[in-house]
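A.B. asks: Sharing a structure below in structure tokens format, with a few things to ask.
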Amino acid sequence: MERPNSPQLDTLLATVEELRLQEARLAELKALVATQAQALSQIANKASRIEAAIYAYWYAPEVHASDLALGATGRAHPGRLLKAAGPVSVGVPCDRCGEDLPIRSRNEMKETQERLRSSPRWAEGYRVLCLGCEEAVLDARRLASDRQDKARAARCQVLAALPYADYLRTPEWRDAMAQHLWFRAHEFQNLGCEACGSEEERGVYHKSLDDLGHADDVVLLCATCRGALAGAGKLAGEPGPQNRLKDADAERILAERFADLQA
Ligand SMILES: [Zn+2]
Ligand SMILES: [Zn+2]
């Protein structure tokens with residue numbers, strides 16, 4: 001088969017070639033690590049030899065234990081090496097308090113080192129935490145979220161006590177309206193009146209005034225349907241200019257929606 005003429009194929013094959021080189025290099029490095037682990041045997045002093053091997057055993061979990069054992073003791077089985085080293089304290093400092101996290105196995109060390117190299121798994125920026133700090137961080141989160149809940153509840157009381165015309169001027173109303181429009185645009189791909197589909201003089205109106213500011217009960221209507229529903233007593237509050245949906249805003253929201261769809 002002849003190689004087709006295509007720059008995309010050329011790019012792909014070049015990357016594959018690079019991958020092969022890297023894989024060959026990786027194999028070379030692994031072999032080198034094994035050789036160098038065994039070369040610990042060149043450390044003349046036996047205690048230093050054991051010390052070096054046991055350090056690599058814990059802090060370089062990529063090295064095969066058998067190569068280290070071979071270098072330090074002349075036997076491939078790590079049992080003798082571990083016995084010769086006696087009890088050692090192995091740890092990695094906690095990102096928050098600096099106390100060593102005890103490491104109980106090479107696997108655990110490997111996982112811990114991977115966590116240290118990757119992006120923090122804690123939103124607070126920590127990569128590894130001791131148990132005490134883990135609890136402290138979780139407590140602080142609970143406290144912050146309690147405080148937030150209380151502030152939100154207090155704000156809801158304030159909003160509920162506002163005259164409707166004043167509520168319409170709050171950022172909460174802007175958010176509630178934007179959220180409803182976003183929902184309509186995403187679920188239905190259009191921002192027509194929810195009763196008749198018309199796009200004439202639209203607005204977002206309250207069906208009830210319960211839960212203002214956190215679960216606004218609203219509907220998107222054209223002027224005609226709004227008049228009809230208000231006449232039937234199915235809408236709440238005297239609407240203001242802040243209820244109206246500008247055509248330009250509707251177009252922008254839909255444009256964003258379609259940009260999302262294409263992404
Ligand atoms: Zn800690
Ligand atoms: Zn309508």
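Letters A, B, ... mark the chains of the structure tokens in the order given; residue numbers begin at 1 per chain; ligand numbers begin at 1, in order shown.
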As a quick test: using only C-alpha atoms and all ligand atoms, which residues lie no more than 7 Å away from ligand 2? Give them as a list in words.

C.D. replies: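 Sorted by chain and then by number, the residues are Cys193, Glu194, Ala195, Cys196, Gly197, Ser198, Leu221, Cys222, Ala223, Thr224 and Cys225 of chain A.
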
A.B. asks: Output the neighbourhood of ligand 1 as a PDB file with N, CA and C atoms, in the first residue's frame, that is, all protein and nucleic acid residues with some atom at most 10 Å from the ligand, counting only C-alpha atoms and all ligand atoms.

C.D. replies:
```pdb
ATOM      1  N   PRO A  93       5.477  15.211  54.723  1.00  0.00           N
ATOM      2  CA  PRO A  93       4.856  16.257  55.538  1.00  0.00           C
ATOM      3  C   PRO A  93       3.465  16.666  55.039  1.00  0.00           C
ATOM      4  N   CYS A  94       2.565  16.826  56.002  1.00  0.00           N
ATOM      5  CA  CYS A  94       1.212  17.310  55.727  1.00  0.00           C
ATOM      6  C   CYS A  94       1.311  18.726  55.173  1.00  0.00           C
ATOM      7  N   ASP A  95       0.552  19.025  54.135  1.00  0.00           N
ATOM      8  CA  ASP A  95       0.610  20.343  53.506  1.00  0.00           C
ATOM      9  C   ASP A  95       0.144  21.458  54.434  1.00  0.00           C
ATOM     10  N   ARG A  96      -0.600  21.113  55.503  1.00  0.00           N
ATOM     11  CA  ARG A  96      -1.173  22.160  56.336  1.00  0.00           C
ATOM     12  C   ARG A  96      -0.363  22.381  57.608  1.00  0.00           C
ATOM     13  N   CYS A  97      -0.005  21.293  58.304  1.00  0.00           N
ATOM     14  CA  CYS A  97       0.673  21.466  59.596  1.00  0.00           C
ATOM     15  C   CYS A  97       2.145  21.065  59.539  1.00  0.00           C
ATOM     16  N   GLY A  98       2.557  20.418  58.457  1.00  0.00           N
ATOM     17  CA  GLY A  98       3.962  20.057  58.335  1.00  0.00           C
ATOM     18  C   GLY A  98       4.354  18.787  59.072  1.00  0.00           C
ATOM     19  N   GLU A  99       3.426  18.229  59.881  1.00  0.00           N
ATOM     20  CA  GLU A  99       3.713  16.968  60.569  1.00  0.00           C
ATOM     21  C   GLU A  99       3.779  15.846  59.536  1.00  0.00           C
ATOM     22  N   ASP A 100       4.618  14.861  59.808  1.00  0.00           N
ATOM     23  CA  ASP A 100       4.715  13.750  58.870  1.00  0.00           C
ATOM     24  C   ASP A 100       3.455  12.901  58.843  1.00  0.00           C
ATOM     25  N   LEU A 101       2.998  12.616  57.645  1.00  0.00           N
ATOM     26  CA  LEU A 101       1.937  11.617  57.486  1.00  0.00           C
ATOM     27  C   LEU A 101       2.652  10.273  57.473  1.00  0.00           C
ATOM     28  N   VAL A 128      -1.761  16.850  50.208  1.00  0.00           N
ATOM     29  CA  VAL A 128      -1.874  15.776  51.195  1.00  0.00           C
ATOM     30  C   VAL A 128      -2.111  16.375  52.576  1.00  0.00           C
ATOM     31  N   LEU A 129      -2.970  15.730  53.346  1.00  0.00           N
ATOM     32  CA  LEU A 129      -3.305  16.215  54.686  1.00  0.00           C
ATOM     33  C   LEU A 129      -3.248  15.062  55.677  1.00  0.00           C
ATOM     34  N   CYS A 130      -2.790  15.372  56.896  1.00  0.00           N
ATOM     35  CA  CYS A 130      -2.863  14.368  57.946  1.00  0.00           C
ATOM     36  C   CYS A 130      -4.321  14.286  58.399  1.00  0.00           C
ATOM     37  N   LEU A 131      -4.642  13.239  59.161  1.00  0.00           N
ATOM     38  CA  LEU A 131      -6.048  13.049  59.564  1.00  0.00           C
ATOM     39  C   LEU A 131      -6.583  14.245  60.341  1.00  0.00           C
ATOM     40  N   GLY A 132      -5.737  14.776  61.250  1.00  0.00           N
ATOM     41  CA  GLY A 132      -6.164  15.910  62.072  1.00  0.00           C
ATOM     42  C   GLY A 132      -6.506  17.122  61.208  1.00  0.00           C
ATOM     43  N   CYS A 133      -5.659  17.395  60.224  1.00  0.00           N
ATOM     44  CA  CYS A 133      -5.895  18.553  59.354  1.00  0.00           C
ATOM     45  C   CYS A 133      -7.090  18.304  58.445  1.00  0.00           C
ATOM     46  N   GLU A 134      -7.253  17.055  58.011  1.00  0.00           N
ATOM     47  CA  GLU A 134      -8.408  16.720  57.190  1.00  0.00           C
ATOM     48  C   GLU A 134      -9.687  17.108  57.937  1.00  0.00           C
ATOM     49  N   GLU A 135      -9.743  16.705  59.218  1.00  0.00           N
ATOM     50  CA  GLU A 135     -10.928  17.025  60.028  1.00  0.00           C
ATOM     51  C   GLU A 135     -11.086  18.534  60.203  1.00  0.00           C
ATOM     52  N   ALA A 136      -9.958  19.208  60.469  1.00  0.00           N
ATOM     53  CA  ALA A 136     -10.017  20.655  60.689  1.00  0.00           C
ATOM     54  C   ALA A 136     -10.521  21.362  59.432  1.00  0.00           C
ATOM     55  N   VAL A 137     -10.049  20.917  58.264  1.00  0.00           N
ATOM     56  CA  VAL A 137     -10.464  21.553  57.012  1.00  0.00           C
ATOM     57  C   VAL A 137     -11.956  21.296  56.767  1.00  0.00           C
TER      58      VAL A 137
END
```

A.B. asks: Go through segment 44-196 of chain A and collect every residue that DSSP, computed from the backbone, puts in strand (DSSP E or B); the answer should be as a ChimeraX atom specification.

C.D. replies: /A:91-93,100-102

A.B. asks: Calculate how many Å separate atom CA of Ile103 of chain A from atom CA of Ala65 of chain A, rounding to one decimal.

C.D. replies: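 Here the two named atoms are 16.4 Å from each other.
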
A.B. asks: How close does each residue of segment 27-47 of chain A get to segment 70-81 of chain A, giving the shortest atom pair and distance in Å to one decimal for every residue with an atom at most 8 Å away, counting only C-alpha atoms, sorted by chain and residue number, as CSV?

C.D. replies:
```
residue,atom,partner,partner_atom,distance
A:Ala37,CA,A:Gly71,CA,5.9
A:Gln38,CA,A:Gly71,CA,3.8
A:Ala39,CA,A:Gly71,CA,5.7
A:Leu40,CA,A:Gly71,CA,4.9
A:Ser41,CA,A:Gly71,CA,4.4
A:Lys46,CA,A:Ala72,CA,7.8
```

A.B. asks: Take the residues that were just selected and, keeping C-alpha atoms, output them as a PDB file, in the first residue's frame.

C.D. replies:
```
ATOM      1  CA  ALA A  37      20.081   0.121  42.292  1.00  0.00           C
ATOM      2  CA  GLN A  38      22.296  -2.939  42.123  1.00  0.00           C
ATOM      3  CA  ALA A  39      25.346  -0.670  41.981  1.00  0.00           C
ATOM      4  CA  LEU A  40      24.618   0.423  45.561  1.00  0.00           C
ATOM      5  CA  SER A  41      26.781  -2.619  46.329  1.00  0.00           C
ATOM      6  CA  LYS A  46      27.697  -1.804  55.005  1.00  0.00           C
TER       7      LYS A  46
END
```

A.B. asks: Pick out the residues sitting within 12 Å of segment 25-31 of chain A, and hand them over as a VMD selection string; count only C-alpha atoms, and ignore anything fewer than 5 positions along from it in its own chain.

C.D. replies: chain A and resid 18 to 20 36 to 38 62 to 64 67

A.B. asks: Residues of the last selection are to be written out with N, CA and C atoms, as a PDB file, in the first residue's frame.

C.D. replies:
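Listing of selection_16.pdb after writing:
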```
ATOM      1  N   GLU A  18       7.673   9.801  17.491  1.00  0.00           N
ATOM      2  CA  GLU A  18       8.124  10.392  18.744  1.00  0.00           C
ATOM      3  C   GLU A  18       7.773   9.479  19.917  1.00  0.00           C
ATOM      4  N   LEU A  19       6.557   8.917  19.878  1.00  0.00           N
ATOM      5  CA  LEU A  19       6.098   8.000  20.931  1.00  0.00           C
ATOM      6  C   LEU A  19       7.026   6.787  21.013  1.00  0.00           C
ATOM      7  N   ARG A  20       7.395   6.249  19.868  1.00  0.00           N
ATOM      8  CA  ARG A  20       8.289   5.079  19.848  1.00  0.00           C
ATOM      9  C   ARG A  20       9.635   5.424  20.476  1.00  0.00           C
ATOM     10  N   GLN A  36      21.604   0.787  38.446  1.00  0.00           N
ATOM     11  CA  GLN A  36      22.114   1.700  39.473  1.00  0.00           C
ATOM     12  C   GLN A  36      21.699   1.260  40.876  1.00  0.00           C
ATOM     13  N   ALA A  37      20.498   0.639  40.985  1.00  0.00           N
ATOM     14  CA  ALA A  37      20.081   0.121  42.292  1.00  0.00           C
ATOM     15  C   ALA A  37      21.035  -0.987  42.726  1.00  0.00           C
ATOM     16  N   GLN A  38      21.372  -1.842  41.783  1.00  0.00           N
ATOM     17  CA  GLN A  38      22.296  -2.939  42.123  1.00  0.00           C
ATOM     18  C   GLN A  38      23.689  -2.413  42.412  1.00  0.00           C
ATOM     19  N   GLU A  62       9.529   3.665  42.549  1.00  0.00           N
ATOM     20  CA  GLU A  62       9.621   3.164  41.174  1.00  0.00           C
ATOM     21  C   GLU A  62      10.698   2.084  41.048  1.00  0.00           C
ATOM     22  N   VAL A  63      11.659   2.066  41.992  1.00  0.00           N
ATOM     23  CA  VAL A  63      12.755   1.090  41.918  1.00  0.00           C
ATOM     24  C   VAL A  63      12.261  -0.262  42.430  1.00  0.00           C
ATOM     25  N   HIS A  64      12.581  -1.318  41.704  1.00  0.00           N
ATOM     26  CA  HIS A  64      12.184  -2.642  42.182  1.00  0.00           C
ATOM     27  C   HIS A  64      12.902  -2.972  43.490  1.00  0.00           C
ATOM     28  N   ASP A  67      15.956  -5.238  43.193  1.00  0.00           N
ATOM     29  CA  ASP A  67      17.225  -4.645  42.745  1.00  0.00           C
ATOM     30  C   ASP A  67      17.936  -3.961  43.908  1.00  0.00           C
TER      31      ASP A  67
END
```

A.B. asks: List as a list of chain:residue names the protein and nucleic acid residues near segment 156-170 of chain A, meaning an atom at most 9 Å away when only C-alpha atoms are counted, but skip any in the same chain fewer than 5 places from it.

C.D. replies: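 Near segment 156-170 of chain A, the qualifying residues are A:Ala151, A:Asp175, A:Leu209, A:Asp210, A:Asp211, A:Leu212, A:Gly213, A:His214, A:Gly237, A:Glu238, A:Pro239, A:Gly240, A:Pro241, A:Gln242, A:Asn243.
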
A.B. asks: I need the residues from that last selection saved to file as a compact mmCIF listing (two decimals), in the first residue's frame (with N, CA and C atoms), if you can.

C.D. replies:
```
# COMPACT_ATOMS: atom_id res chain seq x y z
N ALA A 151 -26.67 33.53 56.36
CA ALA A 151 -26.70 34.81 55.64
C ALA A 151 -27.78 34.76 54.55
N ASP A 175 -30.76 37.83 38.67
CA ASP A 175 -30.28 36.44 38.58
C ASP A 175 -31.42 35.48 38.30
N LEU A 209 -45.60 35.08 44.75
CA LEU A 209 -44.49 35.83 45.34
C LEU A 209 -43.83 35.03 46.47
N ASP A 210 -44.04 33.71 46.46
CA ASP A 210 -43.35 32.86 47.45
C ASP A 210 -41.90 32.67 47.02
N ASP A 211 -41.05 32.48 48.00
CA ASP A 211 -39.64 32.12 47.75
C ASP A 211 -38.89 33.10 46.84
N LEU A 212 -39.20 34.38 46.94
CA LEU A 212 -38.49 35.36 46.13
C LEU A 212 -37.00 35.31 46.44
N GLY A 213 -36.19 35.33 45.40
CA GLY A 213 -34.74 35.42 45.61
C GLY A 213 -34.05 34.08 45.70
N HIS A 214 -34.78 32.98 45.86
CA HIS A 214 -34.09 31.68 45.81
C HIS A 214 -34.85 30.63 45.03
N GLY A 237 -48.04 40.36 41.67
CA GLY A 237 -47.19 41.55 41.63
C GLY A 237 -47.49 42.43 40.44
N GLU A 238 -47.27 43.74 40.65
CA GLU A 238 -47.48 44.70 39.55
C GLU A 238 -46.16 44.80 38.78
N PRO A 239 -46.06 44.30 37.53
CA PRO A 239 -44.77 44.24 36.84
C PRO A 239 -44.20 45.61 36.54
N GLY A 240 -42.89 45.67 36.45
CA GLY A 240 -42.19 46.90 36.12
C GLY A 240 -41.30 46.66 34.91
N PRO A 241 -40.52 47.70 34.54
CA PRO A 241 -39.64 47.55 33.37
C PRO A 241 -38.62 46.42 33.55
N GLN A 242 -38.33 46.08 34.84
CA GLN A 242 -37.32 45.04 35.08
C GLN A 242 -37.82 43.64 34.73
N ASN A 243 -39.13 43.50 34.47
CA ASN A 243 -39.65 42.19 34.07
C ASN A 243 -39.46 41.94 32.58
```

A.B. asks: Please report the interatomic distance between atom CA of Ala185 of chain A and atom CA of Ala153 of chain A in Å with one decimal.

C.D. replies: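 Atom CA of Ala153 of chain A lies 29.5 Å from atom CA of Ala185 of chain A.
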
A.B. asks: Please produce, as CSV, a per-residue contact table for segment 79-186 of chain A versus segment 202-207 of chain A (criterion: any atom at most 10 Å away, only C-alpha atoms considered), showing the nearest atom pair and its distance in Å to one decimal, sorted by chain then residue number.

C.D. replies:
```
residue,atom,partner,partner_atom,distance
A:Ala176,CA,A:Val204,CA,9.6
A:Met177,CA,A:Val204,CA,6.6
A:Ala178,CA,A:Val204,CA,9.4
A:His180,CA,A:Val204,CA,8.2
A:Leu181,CA,A:Val204,CA,8.3
```

A.B. asks: For the residues in that selection, give me N, CA and C atoms as a compact mmCIF listing (two decimals), in the first residue's frame.

C.D. replies:
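Final file, again_1.txt:
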```
# COMPACT_ATOMS: atom_id res chain seq x y z
N ALA A 176 -32.54 35.66 39.02
CA ALA A 176 -33.67 34.73 38.88
C ALA A 176 -34.19 34.78 37.44
N MET A 177 -34.29 36.00 36.90
CA MET A 177 -34.79 36.15 35.54
C MET A 177 -33.81 35.53 34.54
N ALA A 178 -32.52 35.82 34.73
CA ALA A 178 -31.50 35.27 33.82
C ALA A 178 -31.51 33.74 33.87
N HIS A 180 -34.04 31.76 34.60
CA HIS A 180 -35.22 31.23 33.92
C HIS A 180 -35.03 31.27 32.41
N LEU A 181 -34.47 32.37 31.92
CA LEU A 181 -34.26 32.50 30.47
C LEU A 181 -33.23 31.48 29.98
```

A.B. asks: Among segment 10-199 of chain A, which ones does DSSP place in helix (DSSP H, G or I), written as a ChimeraX atom specification?

C.D. replies: /A:10-42,46-59,65-73,78-85,106-117,131-161,164-167,171-188

A.B. asks: Compare A:Phe188, A:Trp173, A:Phe258, A:Trp122 by their minimum atom-to-atom distance to Val218 of chain A, counting only C-alpha atoms, and give me the closest one.

C.D. replies: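 Checking each candidate against Val218 of chain A, we get A:Trp173 as the closest.
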
A.B. asks: Kindly give the distance, in Å, that separates atom CA of Ser105 of chain A and atom CA of Leu68 of chain A, rounded to a single decimal.

C.D. replies: 15.9 Å
